[in-house]
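So this block is entry-v1.txt, compact mmCIF, C-alpha atoms and all ligand atoms:
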```txt
# COMPACT_ATOMS: atom_id res chain seq x y z
CA MET A 1 0.98 25.27 -34.27
CA ALA A 2 3.51 22.79 -32.84
CA CYS A 3 3.99 19.92 -35.22
CA LEU A 4 5.47 16.45 -34.96
CA ILE A 5 7.38 15.55 -38.12
CA ASP A 6 9.05 12.17 -38.52
CA PRO A 7 12.39 11.50 -40.28
CA PHE A 8 10.56 10.81 -43.57
CA ALA A 9 8.85 14.24 -43.48
CA ARG A 10 5.49 12.76 -42.51
CA PRO A 11 3.51 15.02 -40.10
CA ILE A 12 2.00 13.01 -37.25
CA SER A 13 -1.57 14.22 -36.85
CA TYR A 14 -3.42 11.04 -35.89
CA LEU A 15 -3.17 9.29 -32.53
CA ARG A 16 -4.78 5.99 -31.63
CA VAL A 17 -4.94 5.17 -27.97
CA SER A 18 -5.83 1.86 -26.41
CA VAL A 19 -7.50 2.47 -23.07
CA THR A 20 -7.74 -1.16 -21.92
CA ASP A 21 -6.45 -4.60 -22.89
CA ARG A 22 -9.68 -6.19 -21.65
CA CYS A 23 -12.65 -7.16 -23.74
CA ASP A 24 -16.05 -8.75 -23.33
CA PHE A 25 -15.50 -10.73 -26.56
CA ARG A 26 -12.77 -13.22 -27.50
CA CYS A 27 -12.60 -12.97 -31.30
CA THR A 28 -10.66 -15.96 -32.52
CA TYR A 29 -8.30 -13.93 -34.74
CA CYS A 30 -7.59 -11.44 -31.98
CA MET A 31 -7.42 -13.18 -28.61
CA ALA A 32 -6.99 -16.57 -27.04
CA GLU A 33 -9.98 -17.76 -25.02
CA GLN A 34 -7.98 -17.64 -21.80
CA MET A 35 -6.21 -14.32 -21.69
CA GLN A 36 -3.87 -13.10 -19.02
CA PHE A 37 -4.74 -9.43 -18.63
CA LEU A 38 -2.46 -6.78 -17.21
CA PRO A 39 -2.60 -5.81 -13.55
CA LYS A 40 -4.59 -2.59 -13.11
CA ARG A 41 -1.61 -0.65 -11.73
CA ASP A 42 0.18 -1.06 -15.09
CA LEU A 43 -2.63 0.71 -16.95
CA LEU A 44 -2.61 4.45 -17.37
CA THR A 45 -5.24 6.03 -15.18
CA LEU A 46 -7.94 8.11 -16.84
CA GLU A 47 -6.16 11.25 -15.62
CA GLU A 48 -2.88 10.03 -17.16
CA LEU A 49 -4.69 9.24 -20.40
CA ASP A 50 -6.09 12.75 -20.41
CA ARG A 51 -2.62 14.31 -19.88
CA LEU A 52 -1.11 12.09 -22.54
CA CYS A 53 -3.76 12.82 -25.18
CA SER A 54 -3.80 16.53 -24.34
CA THR A 55 -0.02 16.67 -24.79
CA PHE A 56 -0.22 15.01 -28.20
CA ILE A 57 -2.97 17.46 -29.18
CA ARG A 58 -0.78 20.36 -28.10
CA LEU A 59 1.92 18.90 -30.35
CA GLY A 60 -0.34 18.88 -33.37
CA VAL A 61 -2.51 15.74 -33.22
CA GLN A 62 -5.88 16.57 -34.78
CA LYS A 63 -7.56 13.22 -34.83
CA LEU A 64 -7.85 10.97 -31.80
CA ARG A 65 -9.19 7.43 -31.97
CA ILE A 66 -9.87 5.50 -28.78
CA THR A 67 -9.63 1.74 -29.00
CA GLY A 68 -8.70 -1.34 -26.94
CA GLY A 69 -9.38 -4.18 -26.09
CA GLU A 70 -12.92 -2.94 -25.90
CA PRO A 71 -12.77 0.76 -24.96
CA LEU A 72 -16.35 0.87 -23.66
CA VAL A 73 -15.72 -1.78 -21.00
CA ARG A 74 -13.20 0.47 -19.24
CA ARG A 75 -14.79 1.82 -16.08
CA ASP A 76 -15.74 5.51 -16.23
CA ILE A 77 -14.54 5.85 -19.81
CA LEU A 78 -17.30 8.33 -20.48
CA HIS A 79 -15.59 10.70 -18.08
CA PHE A 80 -12.51 10.56 -20.31
CA PHE A 81 -14.54 11.23 -23.47
CA LYS A 82 -16.27 14.19 -21.81
CA GLY A 83 -12.85 15.56 -20.86
CA MET A 84 -11.52 15.23 -24.40
CA SER A 85 -14.50 17.10 -25.78
CA ARG A 86 -12.90 20.35 -24.49
CA HIS A 87 -10.29 19.99 -27.26
CA LEU A 88 -13.08 19.70 -29.83
CA ALA A 89 -14.68 22.82 -28.41
CA SER A 90 -11.37 24.72 -28.63
CA GLY A 91 -10.93 23.62 -32.25
CA GLU A 92 -7.49 22.05 -31.59
CA LEU A 93 -8.90 18.58 -32.12
CA ARG A 94 -10.81 18.01 -35.33
CA GLU A 95 -12.13 14.55 -34.62
CA LEU A 96 -12.70 12.40 -31.57
CA THR A 97 -13.74 8.87 -32.40
CA LEU A 98 -13.56 5.25 -31.31
CA THR A 99 -13.38 1.70 -32.56
CA THR A 100 -15.72 -0.61 -30.69
CA ASN A 101 -17.27 -4.05 -30.88
CA GLY A 102 -20.62 -2.34 -30.28
CA SER A 103 -21.66 -4.40 -27.27
CA GLN A 104 -22.01 -1.38 -24.95
CA LEU A 105 -23.33 1.11 -27.50
CA ALA A 106 -26.96 0.84 -26.47
CA LYS A 107 -25.86 2.17 -23.09
CA TYR A 108 -23.40 4.84 -24.26
CA ALA A 109 -24.36 6.13 -27.71
CA GLY A 110 -26.33 9.15 -26.48
CA ASP A 111 -23.56 10.29 -24.10
CA LEU A 112 -20.88 9.74 -26.74
CA ALA A 113 -22.79 11.92 -29.17
CA ALA A 114 -23.13 14.56 -26.46
CA ALA A 115 -19.32 14.45 -26.00
CA GLY A 116 -18.89 15.39 -29.66
CA ILE A 117 -18.43 12.00 -31.26
CA ARG A 118 -19.84 12.12 -34.77
CA ARG A 119 -18.51 8.90 -36.31
CA ILE A 120 -17.49 5.53 -34.93
CA ASN A 121 -16.11 2.27 -36.29
CA VAL A 122 -17.94 -0.86 -35.24
CA SER A 123 -16.43 -4.29 -35.87
CA LEU A 124 -18.85 -6.85 -37.23
CA ASP A 125 -17.81 -9.89 -39.24
CA THR A 126 -21.12 -11.65 -39.79
CA LEU A 127 -24.87 -11.08 -39.63
CA ASP A 128 -25.58 -14.67 -38.67
CA ALA A 129 -26.17 -14.98 -34.92
CA ALA A 130 -24.62 -18.45 -34.60
CA LYS A 131 -21.54 -17.51 -36.63
CA PHE A 132 -21.24 -14.30 -34.62
CA THR A 133 -20.96 -16.29 -31.42
CA GLU A 134 -18.55 -18.70 -33.11
CA ILE A 135 -16.13 -15.95 -34.17
CA THR A 136 -16.43 -13.71 -31.07
CA ARG A 137 -16.77 -16.73 -28.72
CA TRP A 138 -18.62 -14.63 -26.09
CA GLY A 139 -20.58 -12.09 -28.15
CA ARG A 140 -24.30 -11.84 -28.96
CA LEU A 141 -25.25 -10.40 -32.32
CA GLN A 142 -28.56 -8.98 -31.08
CA GLN A 143 -26.78 -6.83 -28.49
CA VAL A 144 -24.55 -5.31 -31.17
CA LEU A 145 -27.49 -4.68 -33.52
CA GLU A 146 -29.29 -2.86 -30.69
CA GLY A 147 -26.12 -0.82 -30.11
CA LEU A 148 -26.00 0.11 -33.78
CA ASP A 149 -29.62 1.28 -33.64
CA ALA A 150 -28.79 3.42 -30.62
CA ALA A 151 -25.84 4.99 -32.46
CA LYS A 152 -28.07 5.78 -35.40
CA ASP A 153 -30.72 7.30 -33.14
CA ALA A 154 -28.03 9.46 -31.52
CA GLY A 155 -26.99 10.75 -34.95
CA ILE A 156 -23.59 9.01 -34.97
CA ARG A 157 -22.36 7.81 -38.37
CA VAL A 158 -21.18 4.21 -38.37
CA LYS A 159 -18.49 2.50 -40.36
CA ILE A 160 -18.62 -1.25 -40.12
CA ASN A 161 -15.23 -2.99 -40.08
CA THR A 162 -15.37 -6.56 -41.29
CA VAL A 163 -12.37 -8.87 -41.16
CA ALA A 164 -12.31 -10.92 -44.38
CA LEU A 165 -12.09 -14.54 -43.28
CA LYS A 166 -11.77 -17.37 -45.75
CA GLY A 167 -14.48 -20.00 -45.40
CA PHE A 168 -16.22 -17.91 -42.74
CA ASN A 169 -17.80 -14.81 -44.21
CA GLU A 170 -17.03 -15.26 -47.91
CA ASP A 171 -20.66 -16.24 -48.47
CA GLU A 172 -21.92 -13.09 -46.71
CA LEU A 173 -20.16 -10.56 -48.89
CA LEU A 174 -23.31 -9.40 -50.68
CA THR A 175 -25.51 -9.71 -47.59
CA LEU A 176 -23.15 -7.42 -45.68
CA VAL A 177 -22.95 -4.88 -48.50
CA GLU A 178 -26.73 -4.80 -48.91
CA TRP A 179 -27.37 -4.58 -45.19
CA CYS A 180 -24.94 -1.66 -44.82
CA GLY A 181 -26.64 0.03 -47.78
CA ARG A 182 -30.05 -0.30 -46.13
CA GLU A 183 -28.80 0.84 -42.74
CA GLY A 184 -26.78 3.74 -44.15
CA HIS A 185 -23.47 2.45 -42.74
CA ASP A 186 -20.13 2.65 -44.52
CA LEU A 187 -18.28 -0.64 -44.81
CA THR A 188 -14.60 -1.54 -44.82
CA PHE A 189 -13.11 -4.97 -45.23
CA ILE A 190 -9.84 -5.75 -43.44
CA GLU A 191 -7.34 -8.44 -44.33
CA VAL A 192 -6.46 -10.61 -41.37
CA MET A 193 -3.06 -9.62 -40.01
CA PRO A 194 -0.37 -11.80 -38.50
CA MET A 195 -0.71 -10.59 -34.94
CA GLY A 196 -0.37 -12.71 -31.83
CA GLU A 197 1.00 -16.22 -31.43
CA MET A 198 -1.72 -18.14 -33.23
CA GLY A 199 0.44 -20.32 -35.37
CA GLU A 200 1.24 -19.94 -39.00
CA GLU A 201 -1.26 -22.48 -40.16
CA THR A 202 -4.33 -20.91 -38.57
CA ARG A 203 -3.42 -17.50 -39.89
CA LEU A 204 -2.87 -18.69 -43.44
CA ASP A 205 -6.07 -20.73 -43.31
CA GLN A 206 -8.02 -17.59 -42.40
CA TYR A 207 -6.38 -15.42 -45.01
CA TRP A 208 -8.85 -14.26 -47.67
CA PRO A 209 -6.96 -11.74 -49.80
CA ILE A 210 -8.80 -8.46 -50.34
CA LEU A 211 -7.94 -8.71 -54.04
CA ASP A 212 -10.09 -11.87 -54.24
CA LEU A 213 -12.86 -10.22 -52.26
CA ARG A 214 -12.77 -7.21 -54.55
CA ALA A 215 -12.94 -9.39 -57.64
CA LYS A 216 -15.98 -11.17 -56.21
CA LEU A 217 -17.66 -7.83 -55.52
CA ALA A 218 -16.91 -6.73 -59.08
CA GLU A 219 -18.97 -9.67 -60.36
CA HIS A 220 -22.04 -7.94 -58.91
CA PHE A 221 -21.29 -4.22 -58.97
CA ARG A 222 -19.34 -1.76 -61.05
CA LEU A 223 -16.54 -0.52 -58.78
CA ILE A 224 -15.40 3.05 -59.24
CA ASP A 225 -12.01 3.75 -57.71
CA SER A 226 -11.99 6.68 -55.36
CA ASP A 227 -9.03 8.94 -54.67
CA GLU A 228 -10.15 9.41 -51.12
CA ARG A 229 -7.41 8.62 -48.62
CA SER A 230 -7.30 8.86 -44.87
CA GLY A 231 -3.51 8.80 -44.59
CA GLY A 232 -4.01 5.20 -43.53
CA PRO A 233 -4.15 1.83 -45.20
CA ALA A 234 -7.72 2.06 -46.51
CA ARG A 235 -8.48 2.35 -50.22
CA TYR A 236 -12.04 3.15 -51.27
CA VAL A 237 -14.36 2.33 -54.14
CA ARG A 238 -17.88 3.47 -54.91
CA LEU A 239 -20.50 1.00 -56.09
CA GLU A 240 -22.05 2.58 -59.15
CA GLU A 241 -25.41 0.86 -58.70
CA THR A 242 -25.99 1.92 -55.09
CA GLY A 243 -23.57 4.82 -54.53
CA GLN A 244 -22.16 3.05 -51.48
CA LYS A 245 -18.58 3.64 -50.39
CA ILE A 246 -16.64 0.47 -49.62
CA GLY A 247 -13.17 0.46 -48.08
CA PHE A 248 -10.44 -2.14 -48.26
CA ILE A 249 -7.60 -2.38 -45.79
CA THR A 250 -4.86 -4.45 -47.31
CA PRO A 251 -1.76 -4.14 -45.19
CA LEU A 252 -0.36 -7.30 -46.75
CA THR A 253 -1.23 -6.74 -50.38
CA HIS A 254 -0.29 -3.08 -50.62
CA ASN A 255 2.27 -1.00 -48.89
CA PHE A 256 0.63 2.10 -47.49
CA CYS A 257 3.42 3.32 -45.27
CA GLU A 258 4.53 6.28 -47.36
CA SER A 259 1.49 8.34 -46.30
CA CYS A 260 1.40 7.15 -42.68
CA ASN A 261 0.39 9.98 -40.35
CA ARG A 262 -0.32 7.97 -37.22
CA VAL A 263 1.15 6.56 -34.05
CA ARG A 264 -0.34 4.34 -31.35
CA VAL A 265 -0.23 4.27 -27.59
CA THR A 266 -1.05 1.13 -25.61
CA CYS A 267 -3.02 1.11 -22.37
CA THR A 268 0.26 0.95 -20.45
CA GLY A 269 1.61 4.06 -22.16
CA GLU A 270 3.91 2.47 -24.71
CA LEU A 271 4.15 4.53 -27.86
CA TYR A 272 4.45 2.40 -30.99
CA MET A 273 5.66 4.41 -33.93
CA CYS A 274 4.63 1.62 -36.37
CA LEU A 275 1.99 -1.14 -36.02
CA GLY A 276 4.33 -3.61 -37.71
CA GLN A 277 7.56 -2.95 -35.79
CA GLU A 278 8.64 -3.62 -32.24
CA ASP A 279 10.37 -0.31 -31.49
CA ARG A 280 8.48 1.65 -28.86
CA ALA A 281 8.93 4.35 -26.27
CA ASP A 282 7.75 4.27 -22.68
CA LEU A 283 5.56 7.29 -21.95
CA ARG A 284 4.30 6.05 -18.59
CA ALA A 285 7.61 6.72 -16.83
CA PRO A 286 7.75 10.42 -17.81
CA LEU A 287 4.01 10.73 -17.06
CA ARG A 288 4.49 9.35 -13.56
CA ALA A 289 7.82 11.04 -12.89
CA SER A 290 6.39 14.53 -12.71
CA ALA A 291 3.14 16.42 -12.83
CA ASP A 292 4.74 18.72 -15.35
CA ASP A 293 4.43 17.62 -19.03
CA ALA A 294 7.92 18.70 -20.14
CA ALA A 295 9.52 15.24 -19.83
CA LEU A 296 6.53 13.61 -21.51
CA GLU A 297 6.71 16.05 -24.39
CA ALA A 298 10.45 15.42 -24.80
CA ALA A 299 9.90 11.63 -24.81
CA ILE A 300 7.24 11.98 -27.53
CA ARG A 301 9.40 14.21 -29.72
CA ASP A 302 12.36 11.87 -29.30
CA ALA A 303 10.28 8.80 -30.26
CA ILE A 304 8.82 10.42 -33.38
CA LEU A 305 12.36 10.92 -34.61
CA ARG A 306 12.66 7.10 -34.60
CA LYS A 307 9.49 6.38 -36.60
CA PRO A 308 10.51 3.74 -39.15
CA LYS A 309 9.80 3.92 -42.84
CA GLY A 310 7.36 1.00 -42.84
CA HIS A 311 6.31 -2.49 -41.78
CA ASP A 312 7.52 -5.88 -42.98
CA PHE A 313 4.33 -7.98 -43.09
CA ASP A 314 4.37 -10.39 -46.00
CA TYR A 315 2.39 -13.56 -46.75
CA SER A 316 4.10 -14.33 -50.01
CA ARG A 317 5.36 -17.82 -50.80
CA GLY A 318 2.97 -19.34 -48.26
CA LYS A 319 5.03 -18.16 -45.31
CA VAL A 320 4.14 -15.58 -42.71
CA ARG A 321 6.99 -13.11 -42.54
CA GLY A 322 7.36 -10.06 -40.39
CA GLN A 323 4.92 -11.59 -37.90
CA MET A 324 4.46 -9.62 -34.70
CA PRO A 325 4.34 -11.55 -31.43
CA ARG A 326 1.88 -9.13 -29.81
CA HIS A 327 -1.89 -9.38 -30.14
CA MET A 328 -3.96 -6.80 -31.97
CA SER A 329 -5.76 -5.99 -28.73
CA HIS A 330 -2.40 -4.80 -27.37
CA THR A 331 -2.14 -1.84 -29.73
CA GLY A 332 -5.81 -1.66 -30.66
CA GLY A 333 -5.39 -2.21 -34.41
N1 LIG B 401 -12.70 -4.14 -29.52
C1 LIG B 401 -12.78 -3.15 -30.52
C2 LIG B 401 -13.27 -3.75 -31.83
O1 LIG B 401 -13.32 -4.97 -31.96
O2 LIG B 401 -13.61 -2.95 -32.72
C3 LIG B 401 -11.50 -2.38 -30.75
C4 LIG B 401 -10.21 -3.13 -30.74
S1 LIG B 401 -9.99 -4.32 -32.04
C5 LIG B 401 -8.41 -4.97 -31.67
C6 LIG B 401 -9.73 -3.27 -33.46
C7 LIG B 401 -9.91 -3.92 -34.80
O3 LIG B 401 -8.89 -4.86 -35.00
C8 LIG B 401 -11.23 -4.67 -34.99
O4 LIG B 401 -11.88 -4.17 -36.15
C9 LIG B 401 -10.79 -6.11 -35.22
O5 LIG B 401 -11.63 -6.77 -36.10
C10 LIG B 401 -9.41 -5.91 -35.78
N2 LIG B 401 -8.52 -7.07 -35.60
C11 LIG B 401 -8.24 -7.77 -34.48
N3 LIG B 401 -7.34 -8.75 -34.73
C12 LIG B 401 -7.06 -8.68 -36.05
C13 LIG B 401 -6.20 -9.41 -36.93
N4 LIG B 401 -5.46 -10.41 -36.50
N5 LIG B 401 -6.17 -9.02 -38.24
C14 LIG B 401 -6.92 -7.99 -38.71
N6 LIG B 401 -7.74 -7.27 -37.93
C15 LIG B 401 -7.81 -7.60 -36.62
FE1 LIG B 402 -12.29 -7.76 -28.41
FE2 LIG B 402 -12.12 -6.23 -30.56
FE3 LIG B 402 -10.31 -8.17 -30.13
FE4 LIG B 402 -12.77 -8.85 -30.75
S1 LIG B 402 -11.36 -7.70 -32.07
S2 LIG B 402 -11.54 -9.74 -29.08
S3 LIG B 402 -13.95 -7.29 -29.82
S4 LIG B 402 -10.60 -6.39 -28.90
```
Have the structure of the file written as C-alpha cells, please.
Amino acid sequence: MACLIDPFARPISYLRVSVTDRCDFRCTYCMAEQMQFLPKRDLLTLEELDRLCSTFIRLGVQKLRITGGEPLVRRDILHFFKGMSRHLASGELRELTLTTNGSQLAKYAGDLAAAGIRRINVSLDTLDAAKFTEITRWGRLQQVLEGLDAAKDAGIRVKINTVALKGFNEDELLTLVEWCGREGHDLTFIEVMPMGEMGEETRLDQYWPILDLRAKLAEHFRLIDSDERSGGPARYVRLEETGQKIGFITPLTHNFCESCNRVRVTCTGELYMCLGQEDRADLRAPLRASADDAALEAAIRDAILRKPKGHDFDYSRGKVRGQMPRHMSHTGG
C-alpha cells in the first residue's frame, strides 16, 4: 500500500477535511458574530472534495473525518458521504466520521448510518438551554438533543466534545459526566485554544486548564489512566465507579506532536500539515489544473515532506504565545 511518511518517520493515516467555513451557530470561542464567509467559487466542489479525499485514501489515509464550519449545513453533503462509502466497502478506508454541532442530525442521522458512519463527535458545552444559546449565540439545545436521539436510534455511537470554559461550564462537570453515562455517550473535554483574533484577555479569561478539571473530577471518581491513544492529542481515563471513558485534549498542557498521524485540508483546498503552524500547500490549483490526479498526488507528497515537528502553543507566564491568527472553523479543529 502507498504510504505517506513525514520527515520525522510518522505515517500519515488520518485526514480531516473541512467542507465549509459556514455554520448555523456562532460559538463565542470559535467565531465572531458577524463573519465574512468565503465566496462559493473559492470552495472545493463536492466532486473536487471526492477526488481529493480519494487521492489521500489511495496514498494510505485510513481514517477520514469531515468537519467545518458545520459540515451538515453544506448543500448536498450527503451525496459526498454516500460517495465516500465506496472506500469503506473496498476496505481501503477503515473509518468515515464527522464532527458536528448536532443541529442537523435529526434530519441526517439515518442516511449517515446508511453511508457507513458508525461514530460521530458532537460538540456540546452545556446542558442548560439558556447557557447553550449564550455560548453558541444562535443555537437551540433542544434541536441538538433531538439530533443526538436520532443518532442513537440510527445506531451511531456518539462522543461528546466539551470545551472546558472557566466560569461557564465548571459547575456542570458532574452533570455532563452523569448525563453522558446515562445516554451511553463517550465524553472528551477540550482546552480552549488560541485560535482567531479574539484578544489575549478573552482567551486567558476562558482558559480552564484540563489539569484543574481532572483534579476536580478526581474528587468524585477514581480515575484509572488508560493507555489508549488515537495518535492525536486525547488522553483517556476510566471512571472506576461507572466504567465510563473520559478523554482530555490538552494541546497546551501536554505536547502530543510526537505521535501525530494527521493532516488537515480546509474547504478551499489548503493542506495544513500542522494545526499550530502556518505552513500550508495549495491543493486546489493542482485539482483544477487537470482532471488527472498526478499533479495533486505530487503536491500532497511534496507537502508531507514539510510536515513540522510540532506546534508552539503556550499559555505559560500569563501570555498567549504561538497564537494562530486563523479561526478554528477555518481548519475544522
Ligand atoms: N461545527 C462543528 C462542531 O462544532 O463540532 C465542527 C467544527 S468545530 C470548529 C470543531 C471543534 O472545534 C468543536 O468541538 C469546537 O468546540 C472546537 N473549537 C472551536 N474553537 C475552539 C477553540 N478556540 N478552542 C478549542 N476548541 C475549539
Ligand atoms: Fe460552528 Fe462548530 Fe465553530 Fe460552533 S464550534 S461556531 S458549531 S464551527
Box centre and edge lengths (Å, one decimal), axis-aligned, region 170-175 of chain A plus 8 Å each side, as JSON:
```
{"center_x": -21.3, "center_y": -12.8, "center_z": -48.7, "size_x": 24.5, "size_y": 22.8, "size_z": 20.0}
```
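Minimum atom-to-atom distance to Leu88 (chain A), evaluated using all atoms listed in the file, belongs to A:Gln62 out of A:Asp111, A:Gln142, A:Gln62, A:Glu33.
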Per-residue nearest contacts of region 131-173 of chain A to region 234-250 of chain A (10 Å; all atoms listed in the file) as CSV:
```
residue,atom,partner,partner_atom,distance
A:Lys159,CA,A:Gly247,CA,9.6
A:Ile160,CA,A:Gly247,CA,9.8
A:Asn161,CA,A:Gly247,CA,9.0
A:Thr162,CA,A:Phe248,CA,9.6
A:Val163,CA,A:Ile249,CA,9.3
A:Ala164,CA,A:Phe248,CA,9.8
```
Please provide as a PDB file with C-alpha atoms, in the frame of the given file all residues within 8 Å of His185 (chain A), with the sequence filter that same-chain residues fewer than 2 positions apart are discarded (counting all atoms listed in the file).
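selection-v8.pdb, freshly written:
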```pdb
ATOM      1  CA  ARG A 157     -22.360   7.810 -38.370  1.00  0.00           C
ATOM      2  CA  VAL A 158     -21.180   4.210 -38.370  1.00  0.00           C
ATOM      3  CA  LYS A 159     -18.490   2.500 -40.360  1.00  0.00           C
ATOM      4  CA  ILE A 160     -18.620  -1.250 -40.120  1.00  0.00           C
ATOM      5  CA  CYS A 180     -24.940  -1.660 -44.820  1.00  0.00           C
ATOM      6  CA  GLY A 181     -26.640   0.030 -47.780  1.00  0.00           C
ATOM      7  CA  ARG A 182     -30.050  -0.300 -46.130  1.00  0.00           C
ATOM      8  CA  GLU A 183     -28.800   0.840 -42.740  1.00  0.00           C
ATOM      9  CA  LEU A 187     -18.280  -0.640 -44.810  1.00  0.00           C
TER      10      LEU A 187
END
```
Write out as a compact mmCIF listing (two decimals) with C-alpha atoms, keeping the file's coordinate frame each polymer residue (protein, DNA or RNA) that has an atom no more than 8 Å from ligand LIG 402 (chain B), with all atoms listed in the file counted.
```txt
# COMPACT_ATOMS: atom_id res chain seq x y z
CA ASP A 21 -6.45 -4.60 -22.89
CA ARG A 22 -9.68 -6.19 -21.65
CA CYS A 23 -12.65 -7.16 -23.74
CA ASP A 24 -16.05 -8.75 -23.33
CA PHE A 25 -15.50 -10.73 -26.56
CA ARG A 26 -12.77 -13.22 -27.50
CA CYS A 27 -12.60 -12.97 -31.30
CA THR A 28 -10.66 -15.96 -32.52
CA TYR A 29 -8.30 -13.93 -34.74
CA CYS A 30 -7.59 -11.44 -31.98
CA MET A 31 -7.42 -13.18 -28.61
CA GLY A 68 -8.70 -1.34 -26.94
CA GLY A 69 -9.38 -4.18 -26.09
CA GLU A 70 -12.92 -2.94 -25.90
CA THR A 100 -15.72 -0.61 -30.69
CA ASN A 101 -17.27 -4.05 -30.88
CA SER A 123 -16.43 -4.29 -35.87
CA THR A 136 -16.43 -13.71 -31.07
CA MET A 328 -3.96 -6.80 -31.97
CA SER A 329 -5.76 -5.99 -28.73
CA GLY A 332 -5.81 -1.66 -30.66
```
Could you list, with a cut-off of 8 Å and counting all atoms listed in the file, the residues of region 191-291 of chain A near region 34-55 of chain A, each shown with its nearest atom pair and the distance in Å rounded to one decimal, rows sorted by chain and ascending number, as a tab-separated table?
```
residue	atom	partner	partner_atom	distance
A:Cys267	CA	A:Leu43	CA	5.4
A:Thr268	CA	A:Leu43	CA	4.5
A:Gly269	CA	A:Leu44	CA	6.4
A:Arg284	CA	A:Leu44	CA	7.2
A:Leu287	CA	A:Glu48	CA	6.9
```
Q: For Phe168 (chain A), work out the shell of residues within 10 Å, counting all atoms listed in the file and skipping chain neighbours fewer than 2 positions away, then give it as number ranges by chain.
A: A: 125-126, 131, 134-135, 163-166, 170-172, 206, 208
Q: Taking (2.8, 14.8, -40.8) in the file's own coordinates, collect the residues within 9 Å, counting all atoms listed in the file, and hand them back as number ranges by chain.
A: A: 3-6, 9-14, 259-262
Q | Nearest to ligand LIG 401 (chain B), chosen from A:Leu98, A:Met193, A:Ile77, A:Leu305, with all atoms listed in the file counted in the distances | A | A:Met193
